[in-house]
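Engineer: This one is protein-v1.cif, mmCIF, C-alpha atoms and all ligand atoms.
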data_protein
loop_
_atom_site.label_atom_id
_atom_site.label_comp_id
_atom_site.auth_asym_id
_atom_site.auth_seq_id
_atom_site.Cartn_x
_atom_site.Cartn_y
_atom_site.Cartn_z
CA MET A 1 9.85 19.54 3.97
CA THR A 2 11.05 23.13 3.83
CA ASP A 3 10.88 25.52 0.93
CA SER A 4 14.58 25.40 0.32
CA HIS A 5 14.17 21.74 -0.43
CA THR A 6 11.46 22.19 -3.00
CA ILE A 7 12.95 21.64 -6.39
CA GLN A 8 12.01 22.94 -9.79
CA LYS A 9 10.78 19.93 -11.71
CA GLU A 10 12.31 19.92 -15.18
CA GLU A 11 10.08 17.10 -16.13
CA PRO A 12 6.32 17.06 -16.10
CA THR A 13 4.97 15.63 -12.86
CA PRO A 14 3.30 12.24 -13.20
CA GLN A 15 -0.11 13.86 -13.04
CA SER A 16 0.56 16.10 -15.98
CA ARG A 17 2.07 13.44 -18.21
CA ASP A 18 -0.20 12.31 -21.01
CA LYS A 19 0.16 8.73 -19.99
CA LYS A 20 1.11 7.03 -16.75
CA ARG A 21 4.56 5.51 -16.89
CA MET A 22 5.33 1.87 -16.31
CA LEU A 23 8.67 0.15 -15.92
CA SER A 24 9.73 -3.42 -15.38
CA GLY A 25 12.88 -5.48 -15.46
CA ILE A 26 13.29 -9.04 -16.61
CA GLN A 27 16.31 -11.19 -15.89
CA PRO A 28 17.86 -12.72 -19.00
CA SER A 29 18.10 -16.01 -17.19
CA GLY A 30 16.57 -18.46 -19.64
CA ASP A 31 14.17 -19.01 -22.48
CA LEU A 32 10.61 -17.79 -22.22
CA HIS A 33 7.84 -20.30 -21.69
CA ILE A 34 4.09 -20.22 -22.29
CA GLY A 35 3.54 -19.26 -18.65
CA ASN A 36 5.48 -16.03 -19.32
CA TYR A 37 3.79 -15.56 -22.66
CA LEU A 38 0.14 -16.21 -21.75
CA GLY A 39 0.49 -14.84 -18.23
CA ALA A 40 2.19 -11.58 -19.07
CA ILE A 41 3.85 -10.74 -22.37
CA LYS A 42 0.78 -11.37 -24.54
CA ASN A 43 -0.92 -8.50 -22.75
CA TRP A 44 2.02 -6.13 -22.80
CA ALA A 45 1.47 -5.29 -26.45
CA ASP A 46 -1.90 -3.69 -25.60
CA ARG A 47 -0.53 -1.69 -22.70
CA VAL A 48 1.20 0.89 -24.85
CA ASP A 49 -2.13 2.54 -25.64
CA GLU A 50 -2.62 3.40 -22.03
CA TYR A 51 0.91 3.62 -20.60
CA GLU A 52 4.37 4.79 -21.49
CA CYS A 53 6.33 1.55 -21.10
CA TYR A 54 9.94 0.81 -20.26
CA TYR A 55 11.23 -2.76 -20.16
CA PHE A 56 14.81 -3.77 -19.59
CA MET A 57 16.83 -6.95 -19.30
CA ALA A 58 18.33 -6.96 -15.81
CA ASP A 59 21.70 -8.48 -16.67
CA MET A 60 23.33 -6.77 -13.68
CA HIS A 61 20.97 -8.60 -11.36
CA THR A 62 21.65 -11.88 -13.11
CA ILE A 63 25.33 -11.95 -12.10
CA THR A 64 24.42 -12.09 -8.41
CA VAL A 65 24.37 -15.80 -9.22
CA ARG A 66 27.41 -17.10 -11.14
CA GLN A 67 26.87 -17.11 -14.90
CA GLU A 68 28.60 -18.49 -17.95
CA PRO A 69 29.63 -15.21 -19.66
CA ALA A 70 29.09 -16.39 -23.25
CA GLU A 71 25.68 -17.75 -22.29
CA LEU A 72 24.62 -14.53 -20.59
CA ARG A 73 25.63 -12.50 -23.65
CA LYS A 74 23.70 -14.84 -25.91
CA ARG A 75 20.60 -14.86 -23.75
CA SER A 76 20.58 -11.07 -23.47
CA LEU A 77 20.17 -10.90 -27.24
CA ASN A 78 17.94 -13.95 -27.69
CA GLN A 79 15.51 -12.80 -25.07
CA LEU A 80 15.18 -9.43 -26.72
CA ALA A 81 14.36 -11.26 -29.96
CA GLN A 82 11.79 -13.40 -28.15
CA TYR A 83 10.08 -10.41 -26.56
CA ILE A 84 9.85 -8.58 -29.85
CA ALA A 85 8.54 -11.73 -31.54
CA CYS A 86 5.88 -12.01 -28.81
CA GLY A 87 4.55 -8.63 -29.88
CA LEU A 88 6.51 -6.09 -27.86
CA ASP A 89 7.08 -3.28 -30.33
CA PRO A 90 10.46 -1.54 -29.86
CA GLN A 91 9.09 1.63 -31.45
CA LYS A 92 6.27 1.94 -28.97
CA ASN A 93 8.10 0.63 -25.90
CA VAL A 94 11.54 1.53 -24.64
CA LEU A 95 13.49 -1.75 -24.57
CA PHE A 96 17.01 -1.75 -23.22
CA LEU A 97 19.75 -3.61 -21.41
CA GLN A 98 20.41 -2.56 -17.83
CA SER A 99 24.22 -2.58 -18.13
CA HIS A 100 24.02 -0.18 -21.10
CA VAL A 101 22.68 2.60 -18.89
CA SER A 102 25.38 3.46 -16.38
CA ALA A 103 23.03 5.54 -14.26
CA HIS A 104 21.65 2.30 -12.73
CA ALA A 105 24.96 1.47 -11.05
CA GLN A 106 25.54 5.10 -10.16
CA LEU A 107 22.22 5.64 -8.45
CA ALA A 108 22.47 2.23 -6.76
CA TRP A 109 25.58 3.42 -4.92
CA VAL A 110 23.86 6.52 -3.63
CA LEU A 111 20.78 4.57 -2.56
CA ASN A 112 22.98 2.06 -0.74
CA CYS A 113 23.72 4.89 1.65
CA TYR A 114 20.01 5.44 2.23
CA THR A 115 19.08 1.80 2.78
CA MET A 116 19.45 0.13 6.15
CA PHE A 117 21.35 -3.09 6.72
CA GLY A 118 18.39 -4.34 8.74
CA GLU A 119 15.98 -3.73 5.88
CA LEU A 120 18.05 -5.83 3.52
CA THR A 121 18.37 -8.69 5.99
CA ARG A 122 14.58 -8.92 6.06
CA MET A 123 14.21 -9.54 2.33
CA THR A 124 12.78 -13.00 1.80
CA GLN A 125 14.47 -13.42 -1.58
CA PHE A 126 17.86 -12.80 0.03
CA LYS A 127 17.10 -15.37 2.70
CA ASP A 128 16.01 -17.91 0.06
CA LYS A 129 18.93 -17.30 -2.27
CA SER A 130 21.57 -17.21 0.42
CA SER A 131 20.43 -20.59 1.67
CA LYS A 132 20.33 -21.93 -1.89
CA TYR A 133 23.73 -20.61 -2.98
CA LYS A 134 25.64 -21.08 0.27
CA GLU A 135 29.03 -21.08 -1.47
CA ASN A 136 28.42 -17.65 -3.03
CA ILE A 137 26.61 -15.31 -0.64
CA ASN A 138 28.08 -12.21 -2.25
CA ALA A 139 27.40 -8.59 -1.37
CA GLY A 140 25.52 -8.16 -4.66
CA LEU A 141 22.98 -10.74 -3.58
CA PHE A 142 22.50 -8.71 -0.43
CA THR A 143 22.20 -5.31 -2.11
CA TYR A 144 20.18 -6.67 -5.04
CA PRO A 145 17.04 -4.79 -3.88
CA VAL A 146 18.95 -1.49 -3.84
CA LEU A 147 19.96 -1.88 -7.48
CA MET A 148 16.34 -2.71 -8.18
CA ALA A 149 15.24 0.45 -6.38
CA ALA A 150 17.68 2.43 -8.54
CA ASP A 151 16.34 0.73 -11.71
CA ILE A 152 12.90 1.89 -10.79
CA LEU A 153 13.40 5.33 -9.29
CA LEU A 154 15.58 6.59 -12.15
CA TYR A 155 12.54 6.57 -14.44
CA GLN A 156 9.97 8.07 -12.07
CA PRO A 157 7.38 5.45 -13.00
CA ASP A 158 3.86 5.37 -11.60
CA TYR A 159 3.61 1.59 -11.78
CA VAL A 160 5.96 -1.35 -11.61
CA PRO A 161 4.47 -4.57 -12.97
CA VAL A 162 5.93 -7.45 -10.98
CA GLY A 163 5.03 -10.91 -9.84
CA GLU A 164 4.05 -11.65 -6.27
CA ASP A 165 7.67 -12.66 -5.45
CA GLN A 166 8.99 -9.16 -6.22
CA LYS A 167 6.40 -7.18 -4.30
CA GLN A 168 8.55 -6.90 -1.20
CA HIS A 169 11.29 -5.31 -3.31
CA VAL A 170 8.89 -2.71 -4.66
CA GLU A 171 7.72 -1.99 -1.12
CA LEU A 172 11.34 -1.40 -0.10
CA THR A 173 11.78 0.85 -3.14
CA ARG A 174 8.86 2.93 -1.91
CA ASP A 175 10.42 3.17 1.56
CA ILE A 176 13.76 4.27 0.12
CA ALA A 177 12.07 6.85 -2.12
CA GLN A 178 10.05 8.24 0.76
CA ARG A 179 13.08 8.40 3.01
CA PHE A 180 15.07 10.25 0.35
CA ASN A 181 12.20 12.60 -0.45
CA SER A 182 11.67 13.39 3.22
CA ILE A 183 15.28 14.58 3.46
CA TYR A 184 15.74 16.32 0.10
CA GLY A 185 12.29 17.22 -1.18
CA ASP A 186 10.27 15.77 -3.96
CA VAL A 187 12.96 13.96 -5.95
CA PHE A 188 11.40 10.56 -6.65
CA THR A 189 7.96 9.48 -7.71
CA VAL A 190 6.83 6.86 -5.21
CA PRO A 191 5.78 3.97 -7.46
CA GLU A 192 3.12 1.36 -6.94
CA PRO A 193 3.40 -2.32 -7.67
CA PHE A 194 1.12 -3.26 -10.54
CA ILE A 195 -0.31 -6.73 -10.37
CA SER A 196 -2.14 -7.24 -13.63
CA SER A 197 -5.48 -9.00 -13.53
CA ALA A 198 -5.26 -9.70 -17.25
CA GLY A 199 -3.36 -12.77 -18.26
CA ALA A 200 -3.69 -16.37 -17.39
CA ARG A 201 -1.91 -18.10 -14.55
CA ILE A 202 -0.36 -21.19 -16.08
CA TYR A 203 0.80 -24.14 -14.02
CA GLY A 204 3.38 -26.82 -14.73
CA LEU A 205 2.10 -29.67 -16.90
CA THR A 206 3.61 -32.31 -14.64
CA SER A 207 2.94 -30.45 -11.37
CA PRO A 208 -0.33 -28.54 -11.76
CA GLY A 209 0.00 -27.25 -8.19
CA ASP A 210 3.02 -25.09 -9.07
CA LYS A 211 3.46 -22.16 -11.41
CA MET A 212 5.01 -23.21 -14.72
CA SER A 213 8.77 -22.89 -14.28
CA LYS A 214 11.92 -23.70 -16.20
CA SER A 215 13.18 -25.56 -13.12
CA ASP A 216 10.81 -28.35 -14.15
CA PRO A 217 11.63 -28.65 -17.88
CA ASN A 218 9.28 -31.59 -18.53
CA GLY A 219 6.27 -29.64 -17.38
CA CYS A 220 7.40 -26.42 -19.00
CA VAL A 221 6.64 -25.53 -22.62
CA PHE A 222 9.19 -23.09 -24.00
CA ILE A 223 8.18 -20.81 -26.82
CA MET A 224 11.15 -22.10 -28.82
CA ASP A 225 10.26 -25.78 -28.35
CA GLU A 226 9.91 -27.80 -31.57
CA PRO A 227 6.37 -29.03 -32.36
CA ASP A 228 7.16 -32.67 -31.55
CA VAL A 229 8.57 -31.64 -28.17
CA ILE A 230 5.44 -29.64 -27.42
CA MET A 231 3.24 -32.57 -28.41
CA ARG A 232 5.21 -34.92 -26.19
CA LYS A 233 5.04 -32.60 -23.19
CA PHE A 234 1.27 -32.23 -23.50
CA LYS A 235 0.73 -35.95 -23.99
CA ARG A 236 2.56 -36.49 -20.70
CA ALA A 237 0.64 -33.78 -18.87
CA VAL A 238 -0.72 -34.88 -15.51
CA THR A 239 -4.51 -35.25 -15.51
CA ASP A 240 -6.53 -37.82 -13.56
CA SER A 241 -8.17 -41.19 -14.03
CA ASP A 242 -11.66 -39.89 -14.82
CA THR A 243 -13.17 -41.69 -17.78
CA ASP A 244 -16.71 -40.38 -17.95
CA ASN A 245 -16.66 -37.03 -19.80
CA PRO A 246 -13.34 -36.22 -18.16
CA VAL A 247 -12.91 -32.80 -19.79
CA ARG A 248 -14.69 -30.77 -17.11
CA TYR A 249 -13.52 -27.59 -15.43
CA ASP A 250 -12.97 -28.23 -11.73
CA LYS A 251 -9.93 -26.42 -10.44
CA GLU A 252 -10.01 -28.10 -7.03
CA LYS A 253 -10.57 -31.69 -8.00
CA LYS A 254 -9.05 -31.66 -11.49
CA PRO A 255 -6.22 -29.09 -11.43
CA GLY A 256 -4.28 -30.65 -14.32
CA VAL A 257 -7.33 -30.61 -16.61
CA ALA A 258 -8.26 -27.09 -15.48
CA ASN A 259 -4.77 -25.92 -16.41
CA LEU A 260 -5.00 -27.47 -19.89
CA MET A 261 -8.46 -25.96 -20.35
CA ASN A 262 -7.11 -22.59 -19.30
CA ILE A 263 -4.31 -22.78 -21.87
CA TYR A 264 -6.77 -23.85 -24.56
CA SER A 265 -9.27 -21.18 -23.60
CA THR A 266 -6.67 -18.39 -23.53
CA LEU A 267 -5.47 -19.27 -27.02
CA THR A 268 -8.81 -19.99 -28.70
CA GLY A 269 -11.03 -17.53 -26.82
CA LYS A 270 -13.47 -20.40 -26.14
CA LYS A 271 -15.23 -20.46 -22.78
CA TYR A 272 -15.00 -23.45 -20.45
CA ASP A 273 -18.54 -24.67 -21.17
CA GLU A 274 -17.87 -24.53 -24.90
CA ILE A 275 -14.72 -26.58 -24.39
CA GLU A 276 -16.63 -29.10 -22.29
CA LYS A 277 -19.17 -29.45 -25.13
CA GLU A 278 -16.47 -29.76 -27.73
CA PHE A 279 -14.89 -32.69 -25.90
CA GLU A 280 -18.05 -34.31 -24.60
CA GLY A 281 -17.69 -38.06 -24.59
CA LYS A 282 -14.03 -37.78 -25.52
CA GLY A 283 -11.06 -38.77 -23.40
CA TYR A 284 -7.71 -37.21 -22.67
CA GLY A 285 -6.25 -39.10 -25.65
CA ILE A 286 -8.16 -36.64 -27.86
CA PHE A 287 -8.08 -33.59 -25.61
CA LYS A 288 -4.37 -33.38 -24.84
CA PRO A 289 -3.19 -33.50 -28.47
CA ALA A 290 -5.84 -30.92 -29.36
CA VAL A 291 -4.43 -28.51 -26.78
CA ALA A 292 -0.92 -29.28 -28.02
CA GLU A 293 -1.91 -28.49 -31.62
CA THR A 294 -3.36 -25.14 -30.58
CA VAL A 295 -0.18 -24.25 -28.72
CA ILE A 296 1.99 -25.40 -31.64
CA ASP A 297 -0.04 -23.23 -34.05
CA ALA A 298 0.10 -20.21 -31.75
CA LEU A 299 3.83 -20.48 -31.18
CA ALA A 300 4.82 -21.18 -34.80
CA PRO A 301 4.87 -17.53 -35.93
CA ILE A 302 6.62 -16.45 -32.72
CA ARG A 303 9.29 -19.08 -33.17
CA GLU A 304 9.81 -18.16 -36.81
CA GLU A 305 10.05 -14.48 -36.03
CA THR A 306 12.48 -15.12 -33.18
CA VAL A 307 14.73 -17.18 -35.44
CA ARG A 308 14.60 -14.45 -38.08
CA LEU A 309 15.41 -11.72 -35.54
CA ILE A 310 18.28 -13.62 -33.93
CA LYS A 311 19.94 -13.74 -37.35
CA ASP A 312 19.56 -9.99 -37.65
CA LYS A 313 22.06 -9.03 -34.99
CA GLU A 314 22.46 -5.58 -36.46
CA TYR A 315 18.78 -4.86 -35.95
CA LEU A 316 18.77 -6.16 -32.37
CA ASP A 317 21.91 -4.19 -31.54
CA GLY A 318 20.17 -1.14 -32.95
CA VAL A 319 17.12 -1.72 -30.75
CA TYR A 320 19.34 -1.95 -27.68
CA ARG A 321 21.33 1.13 -28.72
CA ASP A 322 18.23 3.19 -29.36
CA GLY A 323 16.63 1.93 -26.13
CA ALA A 324 19.72 2.82 -24.11
CA ASN A 325 19.72 6.33 -25.56
CA ARG A 326 16.09 6.92 -24.76
CA ALA A 327 16.43 5.40 -21.30
CA SER A 328 19.63 7.29 -20.48
CA TYR A 329 18.01 10.59 -21.28
CA ILE A 330 15.42 10.13 -18.55
CA ALA A 331 17.71 8.29 -16.15
CA ASN A 332 20.49 10.89 -16.28
CA LYS A 333 18.07 13.67 -15.49
CA THR A 334 17.10 11.94 -12.26
CA LEU A 335 20.71 11.08 -11.48
CA ARG A 336 21.86 14.69 -11.90
CA LYS A 337 19.14 15.83 -9.55
CA VAL A 338 20.16 13.21 -6.96
CA TYR A 339 23.87 14.05 -7.23
CA LYS A 340 23.09 17.68 -6.64
CA LYS A 341 20.82 16.95 -3.69
CA VAL A 342 23.30 14.76 -1.84
CA GLY A 343 26.05 17.34 -2.26
CA PHE A 344 28.22 16.12 -5.12
CA TYR A 345 29.97 19.16 -6.55
CA GLN A 346 29.04 19.71 -10.17
CA GLY A 347 31.01 22.85 -11.00
N1 LIG B 401 14.16 -8.64 -9.63
C1 LIG B 401 13.27 -8.81 -10.75
C2 LIG B 401 13.02 -10.29 -10.99
O1 LIG B 401 13.87 -11.11 -10.71
C3 LIG B 401 13.84 -8.21 -12.00
C4 LIG B 401 14.03 -6.74 -11.85
C5 LIG B 401 15.23 -6.09 -11.74
C6 LIG B 401 13.01 -5.75 -11.81
N2 LIG B 401 15.02 -4.75 -11.66
C7 LIG B 401 13.68 -4.50 -11.69
C8 LIG B 401 11.60 -5.79 -11.89
C9 LIG B 401 12.96 -3.31 -11.63
C10 LIG B 401 10.91 -4.60 -11.82
C11 LIG B 401 11.57 -3.38 -11.68
O2 LIG B 401 11.97 -10.64 -11.50
#
Any chance you could give the structure as structure tokens?
Ligand code: TRP
Structural biologist:
Amino acid sequence: MTDSHTIQKEEPTPQSRDKKRMLSGIQPSGDLHIGNYLGAIKNWADRVDEYECYYFMADMHTITVRQEPAELRKRSLNQLAQYIACGLDPQKNVLFLQSHVSAHAQLAWVLNCYTMFGELTRMTQFKDKSSKYKENINAGLFTYPVLMAADILLYQPDYVPVGEDQKQHVELTRDIAQRFNSIYGDVFTVPEPFISSAGARIYGLTSPGDKMSKSDPNGCVFIMDEPDVIMRKFKRAVTDSDTDNPVRYDKEKKPGVANLMNIYSTLTGKKYDEIEKEFEGKGYGIFKPAVAETVIDALAPIREETVRLIKDKEYLDGVYRDGANRASYIANKTLRKVYKKVGFYQG
């Protein structure tokens, strides 16, 4: 790096910011379930004390797979309502919709020219999705990670909270950022993936070996499920044929029971040995409905608040508008810097 490449930072460097910055995207691809809630969102509310947080709905990523337009529009709003109802405060966090901030598409184009074809062919998600959607292997599916890199680098975040499946994309983002910085100077903060240790890992009720997922609706409890649906799903949860004090925590031998105990423990704050005592001498016919009741009680206020918010379209639109303004301010600063660096004439 030569001196002529060193740029005047208009913004404080990450080190001098009061708080570290965090950014993550979520695809508006379906309703939230208790795996999302207990595993992640429940803890997000507390993060704002320590971090400056940006969360956006990645609707531009969602169309890499064909969508029903009316559905996508509806989900983009409903999911915002669900996140807010789960405790994500739009005053304290910047919440926005990806397609509202044009800088994402603009930076993605530039970064396309700094990402290698070979790198993109190595992405495991591309390999998975292109074998799953053989009839629609579009260029967007291929360049998906570049848009994601743009999403991230625009905001100069220190951390990017993602699940295990997205880590490779964050690694690529780091490579792109480093490549760009090595040519043009210190333009991008090189972010780190943030794998939170807080939060419970919740498995499917009918397949306790797999993460809870909407692709298995019977084993998946959505936060908007009606109480009787929740009860039914828990009553059908896979356990085992133990009869003698069956409520015991043994993740290896009794994964279904361990999963139910984990859900119960996360919601009540009770430890596993307390739960074992509570259900001593009792069978699954008592235990499963008890877990269901706890989940029903915990979700009731979230469901009510979501329903209330969805009716208040004006408020939700306002949250998105305000979020887009706040996000654009930061994003456009980075974009201007990038445009200048690569040689776009600005007059
Ligand atoms: N690809 C992510 C997913 O499917 C969503 C996403 C898009 C994202 N842009 C992002 C996550 C930027 C973190 C940062 O889960």
Engineer: Work out how far CA of Leu147 (chain A) is from CA of His169 (chain A), in Å to one decimal.
Structural biologist: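 Between CA of His169 (chain A) and CA of Leu147 (chain A) the gap is 10.2 Å.
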Engineer: Can you pull out every residue within 7 Å of Leu23 (chain A), counting all atoms listed in the file, but drop anything in the same chain fewer than 2 positions away, and send it as a PDB file with C-alpha atoms, in the frame of the given file?
Structural biologist:
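Saved result, result-v3.pdb, follows:
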ATOM      1  CA  ARG A  21       4.560   5.510 -16.890  1.00  0.00           C
ATOM      2  CA  CYS A  53       6.330   1.550 -21.100  1.00  0.00           C
ATOM      3  CA  TYR A  54       9.940   0.810 -20.260  1.00  0.00           C
ATOM      4  CA  TYR A  55      11.230  -2.760 -20.160  1.00  0.00           C
ATOM      5  CA  ILE A 152      12.900   1.890 -10.790  1.00  0.00           C
ATOM      6  CA  PRO A 157       7.380   5.450 -13.000  1.00  0.00           C
ATOM      7  CA  TYR A 159       3.610   1.590 -11.780  1.00  0.00           C
ATOM      8  CA  VAL A 160       5.960  -1.350 -11.610  1.00  0.00           C
ATOM      9  CA  PRO A 161       4.470  -4.570 -12.970  1.00  0.00           C
TER      10      PRO A 161
END
Engineer: Each residue of chain A with at least one atom at most 10 Å from ligand LIG 401 (chain B) should appear once, together with its nearest atom pair and the corresponding distance in Å (one decimal); atoms considered: all atoms listed in the file; ordering: chain, then increasing residue number; output as a tab-separated table.
Structural biologist:
residue	atom	partner	partner_atom	distance
A:Met22	CA	B:LIG401	C11	9.4
A:Leu23	CA	B:LIG401	C11	6.2
A:Ser24	CA	B:LIG401	C10	3.9
A:Gly25	CA	B:LIG401	C6	3.7
A:Ile26	CA	B:LIG401	C3	4.7
A:Gln27	CA	B:LIG401	C3	5.5
A:Pro28	CA	B:LIG401	C3	9.2
A:Ser29	CA	B:LIG401	O1	9.2
A:Tyr54	CA	B:LIG401	C11	9.7
A:Tyr55	CA	B:LIG401	C11	8.5
A:Phe56	CA	B:LIG401	N2	8.0
A:Met57	CA	B:LIG401	C5	7.8
A:Ala58	CA	B:LIG401	C5	5.2
A:Asp59	CA	B:LIG401	C5	8.5
A:Met60	CA	B:LIG401	C5	8.4
A:His61	CA	B:LIG401	C5	6.3
A:Thr62	CA	B:LIG401	O1	8.2
A:Gln98	CA	B:LIG401	N2	8.5
A:His104	CA	B:LIG401	N2	9.7
A:Gln125	CA	B:LIG401	N1	9.4
A:Tyr144	CA	B:LIG401	N1	7.8
A:Pro145	CA	B:LIG401	N1	7.5
A:Val146	CA	B:LIG401	N2	9.3
A:Leu147	CA	B:LIG401	N2	7.1
A:Met148	CA	B:LIG401	N2	4.2
A:Ala149	CA	B:LIG401	C9	6.8
A:Ala150	CA	B:LIG401	C9	8.0
A:Asp151	CA	B:LIG401	C9	5.3
A:Ile152	CA	B:LIG401	C9	5.3
A:Leu153	CA	B:LIG401	C9	9.0
A:Pro157	CA	B:LIG401	C11	9.9
A:Tyr159	CA	B:LIG401	C11	9.4
A:Val160	CA	B:LIG401	C10	5.9
A:Pro161	CA	B:LIG401	C10	6.5
A:Val162	CA	B:LIG401	C10	5.8
A:Gly163	CA	B:LIG401	O2	7.1
A:Glu164	CA	B:LIG401	O2	9.5
A:Asp165	CA	B:LIG401	O2	7.7
A:Gln166	CA	B:LIG401	N1	6.2
A:Lys167	CA	B:LIG401	C10	9.1
A:His169	CA	B:LIG401	N1	7.7
A:Val170	CA	B:LIG401	C11	7.5
A:Thr173	CA	B:LIG401	C9	9.5
A:Pro193	CA	B:LIG401	C10	8.9
A:Phe194	CA	B:LIG401	C10	10.0
Engineer: May I ask for the distance between CA of Gln346 (chain A) and CA of Trp109 (chain A), given in Å to one decimal place?
Structural biologist: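 Taking CA of Gln346 (chain A) as the start and CA of Trp109 (chain A) as the end point, the length is 17.5 Å.
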Engineer: Against region 245-266 of chain A, which residues of region 17-97 of chain A fall within 12 Å? For each one I want the closest pair of atoms and the distance in Å (one decimal), counting all atoms listed in the file, rows by chain and increasing residue number, as CSV.
Structural biologist:
residue,atom,partner,partner_atom,distance
A:Ile34,CA,A:Ile263,CA,8.8
A:Gly35,CA,A:Ile263,CA,9.2
A:Tyr37,CA,A:Thr266,CA,10.9
A:Leu38,CA,A:Thr266,CA,7.4
A:Gly39,CA,A:Thr266,CA,9.6
A:Lys42,CA,A:Thr266,CA,10.3
A:Asn43,CA,A:Thr266,CA,11.5
Engineer: Can you write out the residues you just picked, keeping C-alpha atoms, as a PDB file, in the frame of the given file?
Structural biologist:
ATOM      1  CA  ILE A  34       4.090 -20.220 -22.290  1.00  0.00           C
ATOM      2  CA  GLY A  35       3.540 -19.260 -18.650  1.00  0.00           C
ATOM      3  CA  TYR A  37       3.790 -15.560 -22.660  1.00  0.00           C
ATOM      4  CA  LEU A  38       0.140 -16.210 -21.750  1.00  0.00           C
ATOM      5  CA  GLY A  39       0.490 -14.840 -18.230  1.00  0.00           C
ATOM      6  CA  LYS A  42       0.780 -11.370 -24.540  1.00  0.00           C
ATOM      7  CA  ASN A  43      -0.920  -8.500 -22.750  1.00  0.00           C
TER       8      ASN A  43
END
Engineer: If you measure from CA of Asp240 (chain A) to CA of Leu267 (chain A), what distance in Å do you get, rounded to one decimal?
Structural biologist: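 Taking CA of Asp240 (chain A) and CA of Leu267 (chain A), their separation equals 22.9 Å.
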Engineer: Between A:Asp31, A:Asp175, A:Asp273, A:Glu192, single out the one closest to Leu77 (chain A), counting all atoms listed in the file.
Structural biologist: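 Result for the nearest residue to Leu77 (chain A): A:Asp31.
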Engineer: With all atoms listed in the file as the basis for distance, which of A:Arg66, A:Ala237, A:Ser130, A:Asp186 is at the shortest distance from Tyr203 (chain A)?
Structural biologist: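 So, comparing all the options, the nearest one is A:Ala237.
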Engineer: Please identify all polymer residues within 10 Å of Thr306 (chain A), counting only C-alpha atoms, omitting same-chain residues fewer than 4 positions from it, and present them as a list in words.
Structural biologist: Asn78, Gln79, Leu80, Ala81, Gln82, Tyr83, Ile84, Ala85, Cys86, Ile223, Met224, Ala300, Pro301, Ile302, Ile310, Lys311 and Asp312 of chain A
Engineer: Find the residue from A:Phe234, A:Phe180, A:Phe222, A:Phe142 that sits nearest to Thr206 (chain A); use only C-alpha atoms when measuring.
Structural biologist: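 For Thr206 (chain A), the nearest of the given residues is A:Phe234.
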